[in-house]
Amino acid sequence: MSHTDPAAALTRLLTIMVRLRAPDGCPWDQVQDFASIAPYTVEEAYEVADAIARGPDFPQLRDELGDLLLQVVYHAQMASEAGRFGFAEVAESIAAKMIRRHPHVFGEAAARDAGMQNLAWEAQKEAERAARAETGTLAGVPVGLPALTRALKISRRAARVGFDWPDAGQVLDKLEEEAAELREELPGMDKARQADELGDLFFVMVNLARKLELDPETCLAAANAKFERRFVAVEKRLAARGLAPADAGLEAMEAEWQAVKTAEQG
């Protein structure tokens, strides 16, 4: 583990960013703006999550966290050039927020367990939204979030004010209802209506995950990994027989799929 001084390392990074954006700096960096950099910020956050999912892979995680930190530095530098704020204000803002949201650590509030802290955190965030004149139960949920994550957040907000199914069983009933409505739209080939019904189906599934206290993104990621693992195994089994998937046919692939599935479960 390096003994590099964190403040010195951060100062070096900030200095590098200033140099890249200078008139005699990097032509690519000079022409970027908040909108053009934002997609990279989102991408780097996903790459951090991917490094964690891999074990975590600590060397990769270190590098990906550096890439994500660069995104913060990049946005702060552009804001500084516009005379709005700099990196110091960003750091001070989050530090003040953490102190404000943890009065049981930095203030005189009574000790809290994790559940109590979660409720207190949400109450504090609601108060902060009200101070920004963001009214309404669903105010302030970022539009740019992945759809599953945003669905989870807005359904949690609605549930906090009582707009929710009593239990997971009733959500499953609703899921069956939505599936039936989608089935009714299949013969008509009206893509707009099908998309509307499919969106309802996804939204109910997110609510089912919430009621089961599961994260839908994590569930889907696990399902993706399972499908990928099994399909790769199917390809290998077919290759051992001298077959390519496209030539094997659905019946043969399904047979191999069931064989792989049975082997995993056995």
# chains A, B, ... in the order shown; residues from 1 in each chain; ligands from 1
>>> residues_around(residues="Ala38 in chain A", least_positions_apart="5", cutoff="9 Å", atoms="only C-alpha atoms", output="PyMOL selection string")
chain A and resi 33+43+71+75
>>> select_by_dssp(residues="range 9-88 of chain A", states="alpha helix (DSSP H)", output="count of residues only")
63
>>> residues_around(residues="range 171-179 of chain A", least_positions_apart="6", cutoff="7 Å", atoms="only C-alpha atoms", output="VMD selection string")
chain A and resid 165 197 200 to 201 204 to 205 208
>>> atom_distance(atom1="CA of Ala49 in chain A", atom2="CA of Leu61 in chain A")
8.5 Å
>>> atom_distance(atom1="CA of Asn207 in chain A", atom2="CA of Asp164 in chain A")
8.8 Å
>>> residues_around(residues="Ile99 in chain A", least_positions_apart="6", cutoff="12 Å", atoms="only C-alpha atoms", output="PyMOL selection string")
chain A and resi 92-93+105-109+121+124
>>> residues_around(residues="Lys153 in chain A", least_positions_apart="3", cutoff="12 Å", atoms="only C-alpha atoms", output="list in words")
Glu122, Thr137, Leu138, Ala139, Gly140, Val141, Pro142, Val143, Leu145, Pro146, Ala147, Leu148, Thr149, Arg150, Arg156, Arg157, Ala158, Ala159, Arg160, Phe203, Val206, Asn207, Ala209, Arg210, Asp215 and Pro216 of chain A
>>> write_last_selection(atoms="N, CA and C atoms", output="tab-separated table (two decimals), in the first residue's frame")
chain	number	residue	atom	x	y	z
A	122	GLU	N	-33.60	9.40	4.90
A	122	GLU	CA	-34.66	9.75	3.95
A	122	GLU	C	-35.42	11.00	4.42
A	137	THR	N	-44.11	14.11	-3.53
A	137	THR	CA	-43.49	12.87	-3.05
A	137	THR	C	-42.36	12.39	-3.96
A	138	LEU	N	-42.53	12.57	-5.26
A	138	LEU	CA	-41.57	12.04	-6.23
A	138	LEU	C	-40.55	13.07	-6.70
A	139	ALA	N	-40.55	14.24	-6.09
A	139	ALA	CA	-39.64	15.30	-6.53
A	139	ALA	C	-38.19	14.91	-6.28
A	140	GLY	N	-37.32	15.28	-7.24
A	140	GLY	CA	-35.89	15.13	-7.04
A	140	GLY	C	-35.30	13.79	-7.42
A	141	VAL	N	-36.11	12.85	-7.92
A	141	VAL	CA	-35.56	11.58	-8.38
A	141	VAL	C	-34.96	11.81	-9.76
A	142	PRO	N	-33.65	11.64	-9.95
A	142	PRO	CA	-33.01	11.99	-11.22
A	142	PRO	C	-33.60	11.24	-12.41
A	143	VAL	N	-33.90	11.97	-13.47
A	143	VAL	CA	-34.46	11.37	-14.67
A	143	VAL	C	-33.43	10.49	-15.37
A	145	LEU	N	-31.34	8.35	-14.23
A	145	LEU	CA	-31.03	7.05	-13.63
A	145	LEU	C	-31.42	5.92	-14.58
A	146	PRO	N	-30.76	4.77	-14.48
A	146	PRO	CA	-31.25	3.60	-15.22
A	146	PRO	C	-32.71	3.35	-14.87
A	147	ALA	N	-33.49	2.90	-15.83
A	147	ALA	CA	-34.93	2.80	-15.65
A	147	ALA	C	-35.32	1.92	-14.46
A	148	LEU	N	-34.64	0.77	-14.28
A	148	LEU	CA	-34.98	-0.10	-13.16
A	148	LEU	C	-34.70	0.59	-11.82
A	149	THR	N	-33.58	1.26	-11.74
A	149	THR	CA	-33.22	1.96	-10.50
A	149	THR	C	-34.19	3.09	-10.21
A	150	ARG	N	-34.58	3.83	-11.24
A	150	ARG	CA	-35.52	4.94	-11.03
A	150	ARG	C	-36.89	4.41	-10.63
A	156	ARG	N	-40.53	3.35	-4.06
A	156	ARG	CA	-40.24	3.46	-2.62
A	156	ARG	C	-40.84	4.75	-2.06
A	157	ARG	N	-40.69	5.83	-2.82
A	157	ARG	CA	-41.25	7.11	-2.37
A	157	ARG	C	-42.77	6.99	-2.21
A	158	ALA	N	-43.42	6.40	-3.21
A	158	ALA	CA	-44.88	6.25	-3.16
A	158	ALA	C	-45.29	5.36	-1.99
A	159	ALA	N	-44.50	4.31	-1.74
A	159	ALA	CA	-44.82	3.39	-0.65
A	159	ALA	C	-44.73	4.08	0.70
A	160	ARG	N	-43.81	5.04	0.83
A	160	ARG	CA	-43.64	5.72	2.12
A	160	ARG	C	-44.87	6.53	2.52
A	203	PHE	N	-42.52	-2.40	-14.51
A	203	PHE	CA	-42.68	-1.60	-13.31
A	203	PHE	C	-43.21	-2.45	-12.15
A	206	VAL	N	-40.44	-4.58	-10.75
A	206	VAL	CA	-39.57	-3.82	-9.85
A	206	VAL	C	-40.21	-3.72	-8.47
A	207	ASN	N	-41.53	-3.50	-8.44
A	207	ASN	CA	-42.23	-3.43	-7.15
A	207	ASN	C	-42.20	-4.77	-6.43
A	209	ALA	N	-39.75	-6.93	-6.61
A	209	ALA	CA	-38.40	-6.98	-6.03
A	209	ALA	C	-38.34	-6.16	-4.75
A	210	ARG	N	-38.93	-4.98	-4.79
A	210	ARG	CA	-38.92	-4.11	-3.60
A	210	ARG	C	-39.62	-4.78	-2.42
A	215	ASP	N	-32.84	-6.08	-4.80
A	215	ASP	CA	-32.52	-5.02	-5.74
A	215	ASP	C	-32.73	-5.54	-7.16
A	216	PRO	N	-33.61	-4.91	-7.95
A	216	PRO	CA	-33.88	-5.43	-9.30
A	216	PRO	C	-32.67	-5.42	-10.22
>>> closest_residue(among="A:Gly83, A:Ala120, A:Glu44, A:Asp113", to="Glu64 in chain A", atoms="only C-alpha atoms")
A:Glu44
>>> closest_residue(among="A:Arg84, A:Gly66, A:Tyr74, A:Pro39", to="Leu20 in chain A", atoms="only C-alpha atoms")
A:Tyr74
>>> closest_residue(among="A:Leu243, A:Asp67, A:Lys211, A:Ala195", to="Leu152 in chain A", atoms="only C-alpha atoms")
A:Lys211
>>> residues_around(residues="Met78 in chain A", least_positions_apart="4", cutoff="12 Å", atoms="only C-alpha atoms", output="PDB file with all heavy atoms, in the first residue's frame")
ATOM      1  N   LEU A  14      -5.499  17.702  -9.575  1.00  0.00           N
ATOM      2  CA  LEU A  14      -6.162  18.969  -9.897  1.00  0.00           C
ATOM      3  C   LEU A  14      -5.284  19.821 -10.819  1.00  0.00           C
ATOM      4  O   LEU A  14      -5.782  20.458 -11.756  1.00  0.00           O
ATOM      5  CB  LEU A  14      -6.475  19.738  -8.610  1.00  0.00           C
ATOM      6  CG  LEU A  14      -7.535  19.107  -7.697  1.00  0.00           C
ATOM      7  CD1 LEU A  14      -7.557  19.814  -6.345  1.00  0.00           C
ATOM      8  CD2 LEU A  14      -8.917  19.181  -8.338  1.00  0.00           C
ATOM      9  N   MET A  17      -5.431  18.497 -14.332  1.00  0.00           N
ATOM     10  CA  MET A  17      -6.685  18.842 -15.008  1.00  0.00           C
ATOM     11  C   MET A  17      -6.656  20.279 -15.509  1.00  0.00           C
ATOM     12  O   MET A  17      -7.118  20.572 -16.630  1.00  0.00           O
ATOM     13  CB  MET A  17      -7.865  18.638 -14.041  1.00  0.00           C
ATOM     14  CG  MET A  17      -9.229  18.708 -14.684  1.00  0.00           C
ATOM     15  SD  MET A  17      -9.559  17.266 -15.733  1.00  0.00           S
ATOM     16  CE  MET A  17      -9.389  17.977 -17.370  1.00  0.00           C
ATOM     17  N   VAL A  18      -6.124  21.170 -14.704  1.00  0.00           N
ATOM     18  CA  VAL A  18      -5.990  22.571 -15.125  1.00  0.00           C
ATOM     19  C   VAL A  18      -5.112  22.663 -16.371  1.00  0.00           C
ATOM     20  O   VAL A  18      -5.434  23.384 -17.332  1.00  0.00           O
ATOM     21  CB  VAL A  18      -5.392  23.429 -13.993  1.00  0.00           C
ATOM     22  CG1 VAL A  18      -5.049  24.828 -14.499  1.00  0.00           C
ATOM     23  CG2 VAL A  18      -6.374  23.523 -12.831  1.00  0.00           C
ATOM     24  N   LEU A  20      -4.533  20.330 -18.648  1.00  0.00           N
ATOM     25  CA  LEU A  20      -5.206  19.758 -19.812  1.00  0.00           C
ATOM     26  C   LEU A  20      -6.202  20.727 -20.438  1.00  0.00           C
ATOM     27  O   LEU A  20      -6.371  20.760 -21.659  1.00  0.00           O
ATOM     28  CB  LEU A  20      -5.926  18.461 -19.415  1.00  0.00           C
ATOM     29  CG  LEU A  20      -5.046  17.258 -19.072  1.00  0.00           C
ATOM     30  CD1 LEU A  20      -5.886  16.121 -18.525  1.00  0.00           C
ATOM     31  CD2 LEU A  20      -4.263  16.805 -20.311  1.00  0.00           C
ATOM     32  N   ARG A  21      -6.840  21.532 -19.584  1.00  0.00           N
ATOM     33  CA  ARG A  21      -7.872  22.458 -20.069  1.00  0.00           C
ATOM     34  C   ARG A  21      -7.297  23.817 -20.480  1.00  0.00           C
ATOM     35  O   ARG A  21      -8.017  24.660 -21.011  1.00  0.00           O
ATOM     36  CB  ARG A  21      -8.918  22.673 -18.973  1.00  0.00           C
ATOM     37  CG  ARG A  21      -9.751  21.450 -18.664  1.00  0.00           C
ATOM     38  CD  ARG A  21     -10.914  21.294 -19.608  1.00  0.00           C
ATOM     39  NE  ARG A  21     -11.855  22.409 -19.475  1.00  0.00           N
ATOM     40  CZ  ARG A  21     -12.952  22.544 -20.210  1.00  0.00           C
ATOM     41  NH1 ARG A  21     -13.239  21.644 -21.147  1.00  0.00           N
ATOM     42  NH2 ARG A  21     -13.763  23.576 -20.044  1.00  0.00           N
ATOM     43  N   ALA A  22      -6.016  24.026 -20.255  1.00  0.00           N
ATOM     44  CA  ALA A  22      -5.381  25.309 -20.576  1.00  0.00           C
ATOM     45  C   ALA A  22      -5.358  25.533 -22.089  1.00  0.00           C
ATOM     46  O   ALA A  22      -5.476  24.587 -22.869  1.00  0.00           O
ATOM     47  CB  ALA A  22      -3.966  25.331 -20.013  1.00  0.00           C
ATOM     48  N   ASP A  29      -9.528  17.821 -24.618  1.00  0.00           N
ATOM     49  CA  ASP A  29     -10.025  18.267 -23.317  1.00  0.00           C
ATOM     50  C   ASP A  29     -10.522  19.709 -23.357  1.00  0.00           C
ATOM     51  O   ASP A  29     -11.476  20.064 -22.654  1.00  0.00           O
ATOM     52  CB  ASP A  29      -8.928  18.129 -22.255  1.00  0.00           C
ATOM     53  CG  ASP A  29      -8.659  16.682 -21.899  1.00  0.00           C
ATOM     54  OD1 ASP A  29      -9.518  16.056 -21.266  1.00  0.00           O
ATOM     55  OD2 ASP A  29      -7.581  16.173 -22.271  1.00  0.00           O
ATOM     56  N   GLN A  30      -9.906  20.529 -24.181  1.00  0.00           N
ATOM     57  CA  GLN A  30     -10.279  21.945 -24.251  1.00  0.00           C
ATOM     58  C   GLN A  30     -11.720  22.143 -24.728  1.00  0.00           C
ATOM     59  O   GLN A  30     -12.377  23.104 -24.323  1.00  0.00           O
ATOM     60  CB  GLN A  30      -9.328  22.693 -25.190  1.00  0.00           C
ATOM     61  CG  GLN A  30      -7.908  22.838 -24.664  1.00  0.00           C
ATOM     62  CD  GLN A  30      -6.954  23.305 -25.752  1.00  0.00           C
ATOM     63  OE1 GLN A  30      -7.303  23.343 -26.924  1.00  0.00           O
ATOM     64  NE2 GLN A  30      -5.734  23.653 -25.364  1.00  0.00           N
ATOM     65  N   VAL A  31     -12.203  21.267 -25.592  1.00  0.00           N
ATOM     66  CA  VAL A  31     -13.518  21.498 -26.204  1.00  0.00           C
ATOM     67  C   VAL A  31     -14.652  20.770 -25.481  1.00  0.00           C
ATOM     68  O   VAL A  31     -15.812  20.877 -25.892  1.00  0.00           O
ATOM     69  CB  VAL A  31     -13.515  21.068 -27.688  1.00  0.00           C
ATOM     70  CG1 VAL A  31     -12.488  21.884 -28.466  1.00  0.00           C
ATOM     71  CG2 VAL A  31     -13.232  19.570 -27.837  1.00  0.00           C
ATOM     72  N   GLN A  32     -14.351  20.047 -24.408  1.00  0.00           N
ATOM     73  CA  GLN A  32     -15.406  19.325 -23.708  1.00  0.00           C
ATOM     74  C   GLN A  32     -16.250  20.262 -22.850  1.00  0.00           C
ATOM     75  O   GLN A  32     -15.807  21.336 -22.445  1.00  0.00           O
ATOM     76  CB  GLN A  32     -14.806  18.220 -22.826  1.00  0.00           C
ATOM     77  CG  GLN A  32     -13.983  17.195 -23.579  1.00  0.00           C
ATOM     78  CD  GLN A  32     -14.703  16.621 -24.774  1.00  0.00           C
ATOM     79  OE1 GLN A  32     -15.838  16.139 -24.647  1.00  0.00           O
ATOM     80  NE2 GLN A  32     -14.060  16.661 -25.938  1.00  0.00           N
ATOM     81  N   ASP A  33     -17.491  19.845 -22.594  1.00  0.00           N
ATOM     82  CA  ASP A  33     -18.362  20.587 -21.690  1.00  0.00           C
ATOM     83  C   ASP A  33     -19.086  19.585 -20.793  1.00  0.00           C
ATOM     84  O   ASP A  33     -18.866  18.384 -20.875  1.00  0.00           O
ATOM     85  CB  ASP A  33     -19.336  21.478 -22.453  1.00  0.00           C
ATOM     86  CG  ASP A  33     -20.207  20.698 -23.444  1.00  0.00           C
ATOM     87  OD1 ASP A  33     -20.398  19.472 -23.245  1.00  0.00           O
ATOM     88  OD2 ASP A  33     -20.704  21.299 -24.409  1.00  0.00           O
ATOM     89  N   PHE A  34     -19.974  20.096 -19.936  1.00  0.00           N
ATOM     90  CA  PHE A  34     -20.643  19.213 -18.981  1.00  0.00           C
ATOM     91  C   PHE A  34     -21.416  18.100 -19.689  1.00  0.00           C
ATOM     92  O   PHE A  34     -21.379  16.937 -19.280  1.00  0.00           O
ATOM     93  CB  PHE A  34     -21.593  20.019 -18.089  1.00  0.00           C
ATOM     94  CG  PHE A  34     -20.898  20.999 -17.192  1.00  0.00           C
ATOM     95  CD1 PHE A  34     -20.959  22.358 -17.443  1.00  0.00           C
ATOM     96  CD2 PHE A  34     -20.166  20.560 -16.099  1.00  0.00           C
ATOM     97  CE1 PHE A  34     -20.315  23.263 -16.617  1.00  0.00           C
ATOM     98  CE2 PHE A  34     -19.517  21.457 -15.261  1.00  0.00           C
ATOM     99  CZ  PHE A  34     -19.584  22.817 -15.526  1.00  0.00           C
ATOM    100  N   ALA A  35     -22.125  18.454 -20.754  1.00  0.00           N
ATOM    101  CA  ALA A  35     -22.952  17.476 -21.456  1.00  0.00           C
ATOM    102  C   ALA A  35     -22.109  16.401 -22.120  1.00  0.00           C
ATOM    103  O   ALA A  35     -22.475  15.217 -22.125  1.00  0.00           O
ATOM    104  CB  ALA A  35     -23.832  18.181 -22.489  1.00  0.00           C
ATOM    105  N   SER A  36     -20.968  16.789 -22.691  1.00  0.00           N
ATOM    106  CA  SER A  36     -20.144  15.804 -23.397  1.00  0.00           C
ATOM    107  C   SER A  36     -19.412  14.878 -22.434  1.00  0.00           C
ATOM    108  O   SER A  36     -19.122  13.730 -22.768  1.00  0.00           O
ATOM    109  CB  SER A  36     -19.138  16.514 -24.314  1.00  0.00           C
ATOM    110  OG  SER A  36     -18.173  17.227 -23.562  1.00  0.00           O
ATOM    111  N   ILE A  37     -19.139  15.348 -21.219  1.00  0.00           N
ATOM    112  CA  ILE A  37     -18.426  14.531 -20.242  1.00  0.00           C
ATOM    113  C   ILE A  37     -19.377  13.655 -19.424  1.00  0.00           C
ATOM    114  O   ILE A  37     -18.993  12.583 -18.952  1.00  0.00           O
ATOM    115  CB  ILE A  37     -17.598  15.444 -19.299  1.00  0.00           C
ATOM    116  CG1 ILE A  37     -16.443  16.093 -20.084  1.00  0.00           C
ATOM    117  CG2 ILE A  37     -17.022  14.663 -18.119  1.00  0.00           C
ATOM    118  CD1 ILE A  37     -15.446  15.098 -20.656  1.00  0.00           C
ATOM    119  N   GLN A  71     -13.555  12.173 -13.179  1.00  0.00           N
ATOM    120  CA  GLN A  71     -14.800  12.766 -13.658  1.00  0.00           C
ATOM    121  C   GLN A  71     -15.260  13.902 -12.744  1.00  0.00           C
ATOM    122  O   GLN A  71     -15.693  14.955 -13.205  1.00  0.00           O
ATOM    123  CB  GLN A  71     -15.890  11.697 -13.753  1.00  0.00           C
ATOM    124  CG  GLN A  71     -15.597  10.588 -14.735  1.00  0.00           C
ATOM    125  CD  GLN A  71     -15.372  11.119 -16.141  1.00  0.00           C
ATOM    126  OE1 GLN A  71     -16.212  11.838 -16.672  1.00  0.00           O
ATOM    127  NE2 GLN A  71     -14.234  10.788 -16.724  1.00  0.00           N
ATOM    128  N   VAL A  72     -15.145  13.690 -11.441  1.00  0.00           N
ATOM    129  CA  VAL A  72     -15.504  14.736 -10.479  1.00  0.00           C
ATOM    130  C   VAL A  72     -14.593  15.949 -10.653  1.00  0.00           C
ATOM    131  O   VAL A  72     -15.045  17.100 -10.685  1.00  0.00           O
ATOM    132  CB  VAL A  72     -15.413  14.202  -9.036  1.00  0.00           C
ATOM    133  CG1 VAL A  72     -15.736  15.309  -8.034  1.00  0.00           C
ATOM    134  CG2 VAL A  72     -16.361  13.022  -8.844  1.00  0.00           C
ATOM    135  N   VAL A  73     -13.301  15.682 -10.778  1.00  0.00           N
ATOM    136  CA  VAL A  73     -12.324  16.755 -10.972  1.00  0.00           C
ATOM    137  C   VAL A  73     -12.605  17.507 -12.275  1.00  0.00           C
ATOM    138  O   VAL A  73     -12.517  18.742 -12.332  1.00  0.00           O
ATOM    139  CB  VAL A  73     -10.894  16.174 -10.965  1.00  0.00           C
ATOM    140  CG1 VAL A  73      -9.876  17.195 -11.435  1.00  0.00           C
ATOM    141  CG2 VAL A  73     -10.533  15.678  -9.567  1.00  0.00           C
ATOM    142  N   TYR A  74     -12.971  16.765 -13.318  1.00  0.00           N
ATOM    143  CA  TYR A  74     -13.246  17.361 -14.631  1.00  0.00           C
ATOM    144  C   TYR A  74     -14.424  18.341 -14.537  1.00  0.00           C
ATOM    145  O   TYR A  74     -14.351  19.497 -14.972  1.00  0.00           O
ATOM    146  CB  TYR A  74     -13.566  16.243 -15.629  1.00  0.00           C
ATOM    147  CG  TYR A  74     -13.107  16.518 -17.039  1.00  0.00           C
ATOM    148  CD1 TYR A  74     -12.309  15.601 -17.710  1.00  0.00           C
ATOM    149  CD2 TYR A  74     -13.474  17.685 -17.713  1.00  0.00           C
ATOM    150  CE1 TYR A  74     -11.877  15.831 -19.009  1.00  0.00           C
ATOM    151  CE2 TYR A  74     -13.059  17.916 -19.013  1.00  0.00           C
ATOM    152  CZ  TYR A  74     -12.262  16.987 -19.655  1.00  0.00           C
ATOM    153  OH  TYR A  74     -11.840  17.219 -20.940  1.00  0.00           O
ATOM    154  N   ALA A  82     -16.085  28.513 -15.287  1.00  0.00           N
ATOM    155  CA  ALA A  82     -17.300  29.305 -15.501  1.00  0.00           C
ATOM    156  C   ALA A  82     -17.600  30.235 -14.329  1.00  0.00           C
ATOM    157  O   ALA A  82     -18.586  30.962 -14.345  1.00  0.00           O
ATOM    158  CB  ALA A  82     -18.490  28.374 -15.724  1.00  0.00           C
ATOM    159  N   GLY A  83     -16.724  30.205 -13.311  1.00  0.00           N
ATOM    160  CA  GLY A  83     -16.912  31.075 -12.162  1.00  0.00           C
ATOM    161  C   GLY A  83     -18.015  30.629 -11.229  1.00  0.00           C
ATOM    162  O   GLY A  83     -18.567  31.435 -10.470  1.00  0.00           O
ATOM    163  N   ARG A  84     -18.339  29.321 -11.245  1.00  0.00           N
ATOM    164  CA  ARG A  84     -19.449  28.812 -10.432  1.00  0.00           C
ATOM    165  C   ARG A  84     -18.961  28.215  -9.109  1.00  0.00           C
ATOM    166  O   ARG A  84     -19.394  28.618  -8.042  1.00  0.00           O
ATOM    167  CB  ARG A  84     -20.216  27.756 -11.218  1.00  0.00           C
ATOM    168  CG  ARG A  84     -20.834  28.286 -12.509  1.00  0.00           C
ATOM    169  CD  ARG A  84     -21.903  29.314 -12.230  1.00  0.00           C
ATOM    170  NE  ARG A  84     -22.561  29.768 -13.443  1.00  0.00           N
ATOM    171  CZ  ARG A  84     -23.592  30.609 -13.464  1.00  0.00           C
ATOM    172  NH1 ARG A  84     -24.055  31.086 -12.326  1.00  0.00           N
ATOM    173  NH2 ARG A  84     -24.143  30.985 -14.612  1.00  0.00           N
ATOM    174  N   PHE A  85     -18.104  27.233  -9.176  1.00  0.00           N
ATOM    175  CA  PHE A  85     -17.546  26.602  -7.981  1.00  0.00           C
ATOM    176  C   PHE A  85     -16.325  25.792  -8.398  1.00  0.00           C
ATOM    177  O   PHE A  85     -16.105  25.556  -9.599  1.00  0.00           O
ATOM    178  CB  PHE A  85     -18.569  25.699  -7.278  1.00  0.00           C
ATOM    179  CG  PHE A  85     -19.115  24.593  -8.153  1.00  0.00           C
ATOM    180  CD1 PHE A  85     -18.409  23.423  -8.378  1.00  0.00           C
ATOM    181  CD2 PHE A  85     -20.364  24.732  -8.755  1.00  0.00           C
ATOM    182  CE1 PHE A  85     -18.906  22.419  -9.187  1.00  0.00           C
ATOM    183  CE2 PHE A  85     -20.880  23.730  -9.567  1.00  0.00           C
ATOM    184  CZ  PHE A  85     -20.154  22.565  -9.781  1.00  0.00           C
ATOM    185  N   GLY A  86     -15.545  25.384  -7.415  1.00  0.00           N
ATOM    186  CA  GLY A  86     -14.367  24.570  -7.697  1.00  0.00           C
ATOM    187  C   GLY A  86     -14.417  23.274  -6.919  1.00  0.00           C
ATOM    188  O   GLY A  86     -15.400  22.973  -6.235  1.00  0.00           O
ATOM    189  N   PHE A  87     -13.338  22.502  -7.008  1.00  0.00           N
ATOM    190  CA  PHE A  87     -13.307  21.205  -6.338  1.00  0.00           C
ATOM    191  C   PHE A  87     -13.459  21.355  -4.830  1.00  0.00           C
ATOM    192  O   PHE A  87     -14.126  20.540  -4.186  1.00  0.00           O
ATOM    193  CB  PHE A  87     -12.004  20.474  -6.663  1.00  0.00           C
ATOM    194  CG  PHE A  87     -11.945  19.100  -6.065  1.00  0.00           C
ATOM    195  CD1 PHE A  87     -12.490  18.019  -6.722  1.00  0.00           C
ATOM    196  CD2 PHE A  87     -11.352  18.894  -4.821  1.00  0.00           C
ATOM    197  CE1 PHE A  87     -12.458  16.749  -6.165  1.00  0.00           C
ATOM    198  CE2 PHE A  87     -11.301  17.627  -4.260  1.00  0.00           C
ATOM    199  CZ  PHE A  87     -11.858  16.553  -4.929  1.00  0.00           C
TER     200      PHE A  87
END
>>> residues_around(residues="range 249-253 of chain A", least_positions_apart="5", cutoff="12 Å", atoms="only C-alpha atoms", output="PyMOL selection string")
chain A and resi 230-239+241+243-244+258-260
>>> write_last_selection(atoms="N, CA and C atoms", output="compact mmCIF listing (two decimals), in the first residue's frame")
# COMPACT_ATOMS: atom_id res chain seq x y z
N ARG A 230 -24.41 -20.33 -18.85
CA ARG A 230 -25.03 -21.53 -19.39
C ARG A 230 -24.95 -21.58 -20.91
N PHE A 231 -25.11 -20.42 -21.56
CA PHE A 231 -25.07 -20.42 -23.02
C PHE A 231 -23.67 -20.74 -23.52
N VAL A 232 -22.65 -20.22 -22.83
CA VAL A 232 -21.27 -20.55 -23.20
C VAL A 232 -21.04 -22.05 -23.06
N ALA A 233 -21.60 -22.65 -22.00
CA ALA A 233 -21.46 -24.09 -21.80
C ALA A 233 -22.17 -24.86 -22.91
N VAL A 234 -23.33 -24.36 -23.34
CA VAL A 234 -24.05 -24.99 -24.45
C VAL A 234 -23.19 -24.96 -25.71
N GLU A 235 -22.59 -23.80 -25.99
CA GLU A 235 -21.74 -23.69 -27.17
C GLU A 235 -20.58 -24.68 -27.13
N LYS A 236 -19.98 -24.85 -25.95
CA LYS A 236 -18.85 -25.78 -25.81
C LYS A 236 -19.31 -27.22 -26.02
N ARG A 237 -20.49 -27.56 -25.51
CA ARG A 237 -21.00 -28.92 -25.69
C ARG A 237 -21.32 -29.19 -27.15
N LEU A 238 -21.87 -28.19 -27.82
CA LEU A 238 -22.16 -28.35 -29.25
C LEU A 238 -20.87 -28.47 -30.05
N ALA A 239 -19.87 -27.65 -29.70
CA ALA A 239 -18.59 -27.69 -30.41
C ALA A 239 -17.93 -29.06 -30.29
N ARG A 241 -19.37 -31.71 -30.31
CA ARG A 241 -20.07 -32.58 -31.27
C ARG A 241 -19.88 -32.11 -32.70
N LEU A 243 -20.67 -29.07 -33.83
CA LEU A 243 -21.80 -28.26 -34.25
C LEU A 243 -21.63 -26.81 -33.80
N ALA A 244 -22.09 -25.89 -34.64
CA ALA A 244 -22.19 -24.48 -34.28
C ALA A 244 -23.64 -24.21 -33.86
N GLN A 258 -30.77 -27.82 -21.12
CA GLN A 258 -31.31 -28.57 -19.99
C GLN A 258 -30.23 -29.44 -19.35
N ALA A 259 -29.32 -29.97 -20.18
CA ALA A 259 -28.22 -30.77 -19.64
C ALA A 259 -27.29 -29.91 -18.77
N VAL A 260 -26.99 -28.71 -19.25
CA VAL A 260 -26.13 -27.79 -18.48
C VAL A 260 -26.83 -27.39 -17.19
>>> closest_residue(among="A:Leu68, A:Leu220, A:Cys26, A:Ala263", to="Ala45 in chain A", atoms="only C-alpha atoms")
A:Leu68
>>> atom_distance(atom1="CA of Pro245 in chain A", atom2="CA of Cys219 in chain A")
27.1 Å
